[in-house]
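*Asks:* Submitted below is the structure of interest, expressed as structure tokens.
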Amino acid sequence: MKNTMKSASRAGILAVMLCALSAGAQAGLQEGLDAYYKGKYPIALKEIQPLADKGDAKAQYQLGMMYSLGRGVKQDAKAALVWLHKAAEQGNADAQSSIGTAYVEGAGVPQDYAEAVTWFRKAAEQGERSAQYNLGVSYDYGQGVPQDHDQALAWFRKSADQGYEKAQYNLGVMYFTGEVVPKDYHEAFLWFRKAAERGDADAQYNLGVMYDTGEGVTQDYQEALRWYLKADQQANHVRAQFNLGEMYAVGRGVTQDYKESLLWYRKAADQGLVKAQYSLGVAYQKGLGVAVDLAQAHKWLSMAAAAGNTKAQEADKLVEAKMQRDGIAAAEQPKQSKSAKKAEAAETAKKSAPAKKAKK
């Protein structure tokens, strides 16, 4: 009887000690995370490293991310994967998802979409929403798995139902374009709104377009203006900037104001949007919101013309002819950045429907 009581007493003491150790570890981890999110990376490392060494999965995941991003330690993709694998093997869904992303990007490992899917699936089946989204992307594009739009839809929906804005946006696109599901502008509007309210700039822009055109919702220029402005503020959104220029140019929902229009056209043109370059060139050609300046008109029209804009080609011929008659020298052409060239390529593609997000 006494031996039994002693055994029970020891077990109780051991349980109390383990609980105290666990509580202490969690407190240390929280202190490390608090320091990390405040940008105090050396303090975060001091708290997190010992816990990771002792096998704490959450600490191992966080340490892996610190190596991945180079925060508090020298950036090292391979070291990141070592720690992420330690956490993932204990079932940490965040680590599993991050390993999947590493295989997509070829960060520390050779790019391998099939291996990425394996890790995304592990995390997705545990309910990790970004992994669910990425698994949807994999099925949508046939990366690492046979293309299957129904599976893509299912995983996007699981992720979207958990509030993941990229998945919500992609569902909006599917309903807008009629991919997999019947075309339904109202349903597209609802998903775009969910994503927009969570700060997705592309969704904010698309919501603006739908209010502007009255597709899926009652036409409301003031709401269109509001969402275009949000997209610009959120991500310097080039198409939102152009549409704001159009609204001020024609007085759609606002008092017509060529000077304000010119400001928005310039923002979009500077990012390489071809139709904005054309509109900016026309403004200088005709003196809309600015004094007539044929050299500036030629500069912007020729940029748009070089990208294949036929209206710009025709307008630029007229401007060049007048410049020759008046003996005006051409303005120097600015060099376009990589981001501008990318925007120009997107404009040249002439995609009228919104495009799905594909980033992992």
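Simple scheme: letters A, B, ... for chains in structure tokens order, numbers from 1 for residues in each chain, numbers from 1 for ligands in the order shown.
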Just the residues within 10 Å of stretch 121-126 of chain A, please, counting only C-alpha atoms, with nothing from its chain fewer than 6 positions along; format it as a short mmCIF file (atom, residue, chain, number, x, y, z; two decimals) with N, CA and C atoms, in the first residue's frame.

*Replies:*
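Done, and the output landed in around.cif:
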```cif
data_model
loop_
_atom_site.label_atom_id
_atom_site.label_comp_id
_atom_site.auth_asym_id
_atom_site.auth_seq_id
_atom_site.Cartn_x
_atom_site.Cartn_y
_atom_site.Cartn_z
N ALA A 88 8.48 19.71 -39.47
CA ALA A 88 7.51 19.02 -40.31
C ALA A 88 7.36 17.56 -39.93
N GLY A 91 4.88 16.95 -37.51
CA GLY A 91 3.51 17.26 -37.92
C GLY A 91 3.16 18.72 -37.95
N ASN A 92 4.16 19.61 -37.88
CA ASN A 92 3.88 21.04 -37.91
C ASN A 92 3.44 21.44 -39.33
N ALA A 93 2.20 21.86 -39.46
CA ALA A 93 1.63 22.15 -40.79
C ALA A 93 2.27 23.36 -41.44
N ASP A 94 2.63 24.37 -40.65
CA ASP A 94 3.28 25.56 -41.21
C ASP A 94 4.61 25.19 -41.85
N ALA A 95 5.35 24.32 -41.18
CA ALA A 95 6.64 23.87 -41.72
C ALA A 95 6.44 23.05 -42.98
N GLN A 96 5.45 22.18 -42.98
CA GLN A 96 5.16 21.36 -44.17
C GLN A 96 4.83 22.24 -45.36
N SER A 97 4.02 23.27 -45.13
CA SER A 97 3.65 24.19 -46.20
C SER A 97 4.87 24.95 -46.71
N SER A 98 5.73 25.36 -45.79
CA SER A 98 6.94 26.11 -46.18
C SER A 98 7.90 25.25 -46.99
N ILE A 99 7.99 23.98 -46.67
CA ILE A 99 8.83 23.07 -47.45
C ILE A 99 8.27 22.95 -48.87
N GLY A 100 6.94 22.88 -48.97
CA GLY A 100 6.32 22.85 -50.29
C GLY A 100 6.69 24.07 -51.11
N GLU A 115 7.17 17.06 -55.57
CA GLU A 115 7.54 17.03 -54.15
C GLU A 115 6.82 18.15 -53.40
N GLN A 132 -3.63 24.80 -48.59
CA GLN A 132 -4.84 24.45 -49.36
C GLN A 132 -4.91 25.28 -50.64
N TYR A 133 -4.60 26.56 -50.50
CA TYR A 133 -4.57 27.43 -51.68
C TYR A 133 -3.51 26.97 -52.67
N ASN A 134 -2.31 26.68 -52.19
CA ASN A 134 -1.23 26.26 -53.08
C ASN A 134 -1.51 24.92 -53.73
N LEU A 135 -2.18 24.05 -53.03
CA LEU A 135 -2.58 22.78 -53.63
C LEU A 135 -3.60 23.04 -54.74
N GLY A 136 -4.48 24.00 -54.52
CA GLY A 136 -5.44 24.40 -55.55
C GLY A 136 -4.73 24.93 -56.78
N TRP A 155 -10.10 22.87 -53.38
CA TRP A 155 -9.08 23.34 -52.44
C TRP A 155 -9.11 24.86 -52.28
N LYS A 158 -11.90 25.49 -49.79
CA LYS A 158 -11.50 25.18 -48.40
C LYS A 158 -10.68 26.33 -47.82
N SER A 159 -9.73 26.82 -48.62
CA SER A 159 -8.88 27.91 -48.18
C SER A 159 -9.66 29.21 -48.03
#
```

*Asks:* Any idea what the distance is between atom CA of A:Gln222 and atom CA of A:Asp161?

*Replies:* 29.1 Å

*Asks:* What's the 12 Å shell around A:Glu223, counting only C-alpha atoms, without same-chain residues fewer than 2 positions away, as a PyMOL selection string?

*Replies:* chain A and resi 193+204-214+217-221+225-230+252-254

*Asks:* Excluding A:Gln143 and its own-chain neighbours fewer than 4 positions away, which residues fall within 9 Å of it when counting only C-alpha atoms? Please give them as an NGL selection string.

*Replies:* :A and (113-114 or 117 or 137-139 or 147)

*Asks:* Please return, as a PyMOL selection string, all residues of stretch 158-199 of chain A that DSSP assigns to alpha helix (DSSP H) on the basis of the backbone.

*Replies:* chain A and resi 158-161+165-177+185-197
